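These notes concern the structure reproduced below.
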Amino acid sequence: MAATGRVGIFTRQATGLTKEIGTLDTFVYNVNNQNIGIGVAFILLFVPGFYLGADLFQGIIIALLLALPMALVYAFFSAAIPRSGGDSVYISRTLHPLLGFVASWNWVAWMTVYIGVPAAYFAQYGLSGMLRSLGVAAGSPDLVNLGNQFVDPINILIVGTILIAFFAVIFAMGTRIYFRLQNVVFGIGMFGVAIALALAFLGNSADFAGNFDTYVAGAGGLADASTKIVEPAPYDFLQTFYSSTLAQFIVLFAITSSFLGGEVRQARVSQMLGMPGGVVFVTVFMFLLTAAVVNLVGLPILGGISGGYFTPGDTFGLSFVPSYNELIAAAYPGNVIVALLLGFTFV
């Protein structure tokens with residue numbers, strides 16, 4: 001300033017971060033945080049029996065229409081402010097610093113609780129169904145009983161705690177290792193989604209009721225499980241709108257890569273593909289997988305399964321009602337390979 005006589009503006013030329021996160025990493029990060037499998041599991045477990053008259057597919061589309069604008073806004077923020085990220089930065093600069101602090105504090109406060117939720121799903125919906133379907137396919141009561149153990153709250157807590165500790169170690173080893181791991185797991189998961197789609201569409205829907213009865217009986221349940229049905233009610237838009245919250249619970253997490261901030265390379269492209277692109281990607285596969293299972297199983301049986309989720313006396317005599325991966329496996333009785341592929345890739 002002394003030499004030129006002009007007032008200078010200080011600008012930092014670098015964040016000090018190495019920007020290790022690429023476009024694929026960002027996209028996969030958001031898709032994994034949304035979670036196609038859990039989304040389909042919740043839609044099929046809850047909507048047919050609890051939102052009578054709801055259209056499953058319209059609910060998914062409504063969730064897309066509500067989540068996409070927010071994902072676009074966060075993608076534009078990430079492109080405009082590529083050196084940082086998250087609600088604290090975005091909201092402080094556009095609305096008010098106090099609101100930015102409150103929004104960011106809210107994320108931290110909720111995450112201290114919510115981090116345990118997907119960890120609980122690992123045992124409750126993953127290990128339990130995988131082991132039970134393997135046990136039924138192999139004719140092993142011991143495997144069936146082992147699967148039943150993973151819906152016990154204490155065991156859910158133990159397994160979830162181990163999973164959180166595992167990822168704490170992974171993150172402590174650096175982001176590069178984490179993103180390599182997440183991309184491999186994403187590939188396995190999407191392979192499982194493709195397998196589930198193919199098996200569900202190719203399965204014989206005419207024989208499903210009989211195969212389902214065999215499966216439930218093999219798992220220690222009632223002999224006539226397929227007779228416990230809930231016939232679809234007349235279409236109700238309000239119930240359809242309410243039911244969209246289950247899909248929203250999945251696709252609203254498409255903005256998580258905004259918190260990666262300055263570590264993302266080519267933020268304009270990466271974040272646009274990762275956030276809005278991630279919403280569309282997850283929605284498409286949730287829609288397709290839901291359609292495949294509905295075509296295979298039928299809404300009346302799905303309604304009976306859904307209605308038994310929170311009613312202990314209506315679980316077909318089982319410790320827990322089966323999710324979609326078990327239903328698809330039931331269409332291929334005695335096939336251990338199918339049960340293993342569906343169960344392991346879901347986990």
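Letters for chains follow the order of the structure tokens (A, B, ...), residue numbers begin at 1 for each chain, and ligand numbers begin at 1 in the order shown.
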
Output as a tab-separated table one row per residue of segment 117-221 of chain A within 12 Å of segment 261-284 of chain A: the closest atom pair and its distance in Å to one decimal place, counting only C-alpha atoms, sorted by chain and residue number ascending.
residue	atom	partner	partner_atom	distance
A:Thr175	CA	A:Glu263	CA	9.7
A:Arg176	CA	A:Glu263	CA	11.0
A:Met190	CA	A:Val282	CA	10.6
A:Val193	CA	A:Val282	CA	11.0

For the selection you just gave me, I'd like the residues written to a file as an mmCIF file, in the first residue's frame, keeping C-alpha atoms.
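Written out: part17.cif:
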data_model
loop_
_atom_site.group_PDB
_atom_site.id
_atom_site.type_symbol
_atom_site.label_atom_id
_atom_site.label_comp_id
_atom_site.auth_asym_id
_atom_site.auth_seq_id
_atom_site.Cartn_x
_atom_site.Cartn_y
_atom_site.Cartn_z
ATOM 1 C CA THR A 175 -10.470 -38.948 4.180
ATOM 2 C CA ARG A 176 -8.657 -40.732 1.361
ATOM 3 C CA MET A 190 -25.613 -51.043 -6.264
ATOM 4 C CA VAL A 193 -29.915 -53.292 -6.008
#

Check: Which value, in Å to one decimal, gives the distance between atom CA of Pro82 of chain A and atom CA of Leu65 of chain A?
Finding: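 A separation of 26.0 Å between them.
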
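Straight-line separation from atom CA of Thr26 of chain A to atom CA of Phe76 of chain A: 14.8 Å.
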
Kindly provide the residues of segment 134-252 of chain A that approach segment 114-128 of chain A to within 7 Å, each paired with its closest atom pair and their distance in Å to one decimal, based on only C-alpha atoms, listed by chain and increasing number, as JSON lines.
{"residue": "A:Gly147", "atom": "CA", "partner": "A:Ser128", "partner_atom": "CA", "distance": 4.1}
{"residue": "A:Asn148", "atom": "CA", "partner": "A:Ser128", "partner_atom": "CA", "distance": 6.0}
{"residue": "A:Phe150", "atom": "CA", "partner": "A:Ser128", "partner_atom": "CA", "distance": 5.2}
{"residue": "A:Val151", "atom": "CA", "partner": "A:Gln124", "partner_atom": "CA", "distance": 5.0}
{"residue": "A:Ile156", "atom": "CA", "partner": "A:Ala120", "partner_atom": "CA", "distance": 5.6}
{"residue": "A:Leu157", "atom": "CA", "partner": "A:Ala120", "partner_atom": "CA", "distance": 6.7}
{"residue": "A:Val159", "atom": "CA", "partner": "A:Ala123", "partner_atom": "CA", "distance": 6.5}
{"residue": "A:Gly160", "atom": "CA", "partner": "A:Ala119", "partner_atom": "CA", "distance": 4.4}
{"residue": "A:Leu163", "atom": "CA", "partner": "A:Ala119", "partner_atom": "CA", "distance": 6.4}
{"residue": "A:Ile164", "atom": "CA", "partner": "A:Ala119", "partner_atom": "CA", "distance": 6.7}

Would you mind exporting all heavy atoms of the selected residues as a compact mmCIF listing (two decimals), in the first residue's frame?
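Contents of part39.txt, as written:
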# COMPACT_ATOMS: atom_id res chain seq x y z
N GLY A 147 -30.45 -64.90 13.53
CA GLY A 147 -31.03 -63.70 12.93
C GLY A 147 -32.04 -63.04 13.83
O GLY A 147 -32.08 -61.81 13.93
N ASN A 148 -32.84 -63.84 14.52
CA ASN A 148 -33.84 -63.28 15.43
C ASN A 148 -33.21 -62.50 16.58
O ASN A 148 -33.83 -61.59 17.14
CB ASN A 148 -34.72 -64.40 16.00
CG ASN A 148 -35.61 -65.03 14.94
OD1 ASN A 148 -35.92 -64.41 13.93
ND2 ASN A 148 -36.03 -66.27 15.17
N PHE A 150 -30.85 -60.40 16.44
CA PHE A 150 -30.40 -59.06 16.07
C PHE A 150 -31.53 -58.02 16.04
O PHE A 150 -31.31 -56.89 15.62
CB PHE A 150 -29.67 -59.10 14.73
CG PHE A 150 -28.29 -59.66 14.84
CD1 PHE A 150 -28.01 -60.94 14.40
CD2 PHE A 150 -27.27 -58.92 15.42
CE1 PHE A 150 -26.74 -61.47 14.51
CE2 PHE A 150 -25.99 -59.44 15.54
CZ PHE A 150 -25.71 -60.73 15.08
N VAL A 151 -32.73 -58.41 16.44
CA VAL A 151 -33.78 -57.41 16.65
C VAL A 151 -33.96 -57.11 18.13
O VAL A 151 -34.81 -56.29 18.50
CB VAL A 151 -35.12 -57.85 16.02
CG1 VAL A 151 -35.00 -57.95 14.52
CG2 VAL A 151 -35.60 -59.18 16.61
N ILE A 156 -28.91 -54.77 19.20
CA ILE A 156 -28.88 -53.64 18.27
C ILE A 156 -27.90 -52.58 18.77
O ILE A 156 -27.10 -52.04 18.01
CB ILE A 156 -30.28 -53.04 18.09
CG1 ILE A 156 -31.19 -54.00 17.32
CG2 ILE A 156 -30.21 -51.69 17.36
CD1 ILE A 156 -32.63 -53.55 17.24
N LEU A 157 -27.95 -52.31 20.07
CA LEU A 157 -27.05 -51.32 20.68
C LEU A 157 -25.59 -51.75 20.56
O LEU A 157 -24.72 -50.96 20.19
CB LEU A 157 -27.43 -51.10 22.14
CG LEU A 157 -26.51 -50.19 22.96
CD1 LEU A 157 -26.53 -48.77 22.41
CD2 LEU A 157 -26.91 -50.21 24.44
N VAL A 159 -24.14 -53.99 18.44
CA VAL A 159 -23.66 -54.01 17.05
C VAL A 159 -23.52 -52.59 16.51
O VAL A 159 -22.53 -52.27 15.83
CB VAL A 159 -24.63 -54.83 16.17
CG1 VAL A 159 -24.25 -54.71 14.70
CG2 VAL A 159 -24.60 -56.29 16.59
N GLY A 160 -24.48 -51.72 16.81
CA GLY A 160 -24.40 -50.33 16.35
C GLY A 160 -23.21 -49.59 16.92
O GLY A 160 -22.55 -48.82 16.22
N LEU A 163 -20.14 -50.65 15.08
CA LEU A 163 -20.10 -50.04 13.75
C LEU A 163 -19.64 -48.59 13.83
O LEU A 163 -18.81 -48.14 13.03
CB LEU A 163 -21.48 -50.12 13.10
CG LEU A 163 -21.56 -49.64 11.65
CD1 LEU A 163 -20.76 -50.56 10.74
CD2 LEU A 163 -23.00 -49.57 11.18
N ILE A 164 -20.16 -47.84 14.80
CA ILE A 164 -19.74 -46.44 14.97
C ILE A 164 -18.25 -46.36 15.29
O ILE A 164 -17.52 -45.51 14.76
CB ILE A 164 -20.57 -45.75 16.06
CG1 ILE A 164 -22.03 -45.60 15.60
CG2 ILE A 164 -19.99 -44.38 16.41
CD1 ILE A 164 -22.96 -45.11 16.69

Next item on the list: Select, from A:Ala217, A:Ala330, A:Ala339, A:Leu56, the residue with the minimum atom-to-atom distance to Gly39 of chain A, counting only C-alpha atoms.
Entry: A:Leu56

Margin query: Would you compute the distance between atom CA of Leu296 of chain A and atom CA of Gln248 of chain A? Give it in Å to one decimal.
Written below: 24.7 Å

Check: Can you list, as a list of chain:residue names, every protein, DNA or RNA residue that comes within 8 Å of segment 102-108 of chain A when you count only C-alpha atoms, leaving out same-chain residues fewer than 5 positions away?
Finding: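 Here the answer would be A:Gly86, A:Asp87, A:Ser88, A:Ile91.
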
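Closest approach to Thr245 of chain A among A:Met111, A:Ala331, A:Ile62, A:Gly22 is made by A:Ile62 (distances from only C-alpha atoms).
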
Check: Which parts of segment 107-178 of chain A does DSSP call alpha helix (DSSP H) when run on the backbone here, written out as a ChimeraX atom specification?
Finding: /A:107-114,116-121,128-138,141-149,153-172,175-178

Note to self: Given only C-alpha atoms as the basis, pick out the residue of A:Ile328, A:Ile162, A:Ala200, A:Pro232 nearest to Leu340 of chain A.
What the structure shows: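 Looking at the shortest contact to Leu340 of chain A, the residue is A:Ile328.
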
Note to self: At a cut-off of 12 Å, using only C-alpha atoms, what residues contact Pro141 of chain A? Leave out same-chain residues fewer than 6 positions from it and give the result as a PyMOL selection string.
What the structure shows: chain A and resi 131-135+147-148+217-220

Can you write just those residues out, C-alpha atoms, as a PDB file, in the first residue's frame?
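The file below, out10.pdb, is the result:
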ATOM      1  CA  LEU A 131     -29.200 -64.525   8.641  1.00  0.00           C
ATOM      2  CA  ARG A 132     -32.860 -65.523   8.729  1.00  0.00           C
ATOM      3  CA  SER A 133     -33.173 -65.815   4.955  1.00  0.00           C
ATOM      4  CA  LEU A 134     -29.944 -67.835   4.863  1.00  0.00           C
ATOM      5  CA  GLY A 135     -31.256 -70.058   7.632  1.00  0.00           C
ATOM      6  CA  GLY A 147     -31.027 -63.704  12.927  1.00  0.00           C
ATOM      7  CA  ASN A 148     -33.840 -63.281  15.433  1.00  0.00           C
ATOM      8  CA  ALA A 217     -43.176 -71.596   8.085  1.00  0.00           C
ATOM      9  CA  GLY A 218     -39.473 -72.340   7.571  1.00  0.00           C
ATOM     10  CA  ALA A 219     -38.634 -69.358   9.767  1.00  0.00           C
ATOM     11  CA  GLY A 220     -40.853 -70.722  12.546  1.00  0.00           C
TER      12      GLY A 220
END

Check: Nearest to Val321 of chain A among A:Ala41, A:Ala168, A:Ala138, A:Ile177, with distances taken over only C-alpha atoms: which residue is it?
Finding: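 Between A:Ala41, A:Ala168, A:Ala138, A:Ile177, the residue approaching Val321 of chain A most closely is A:Ala41.
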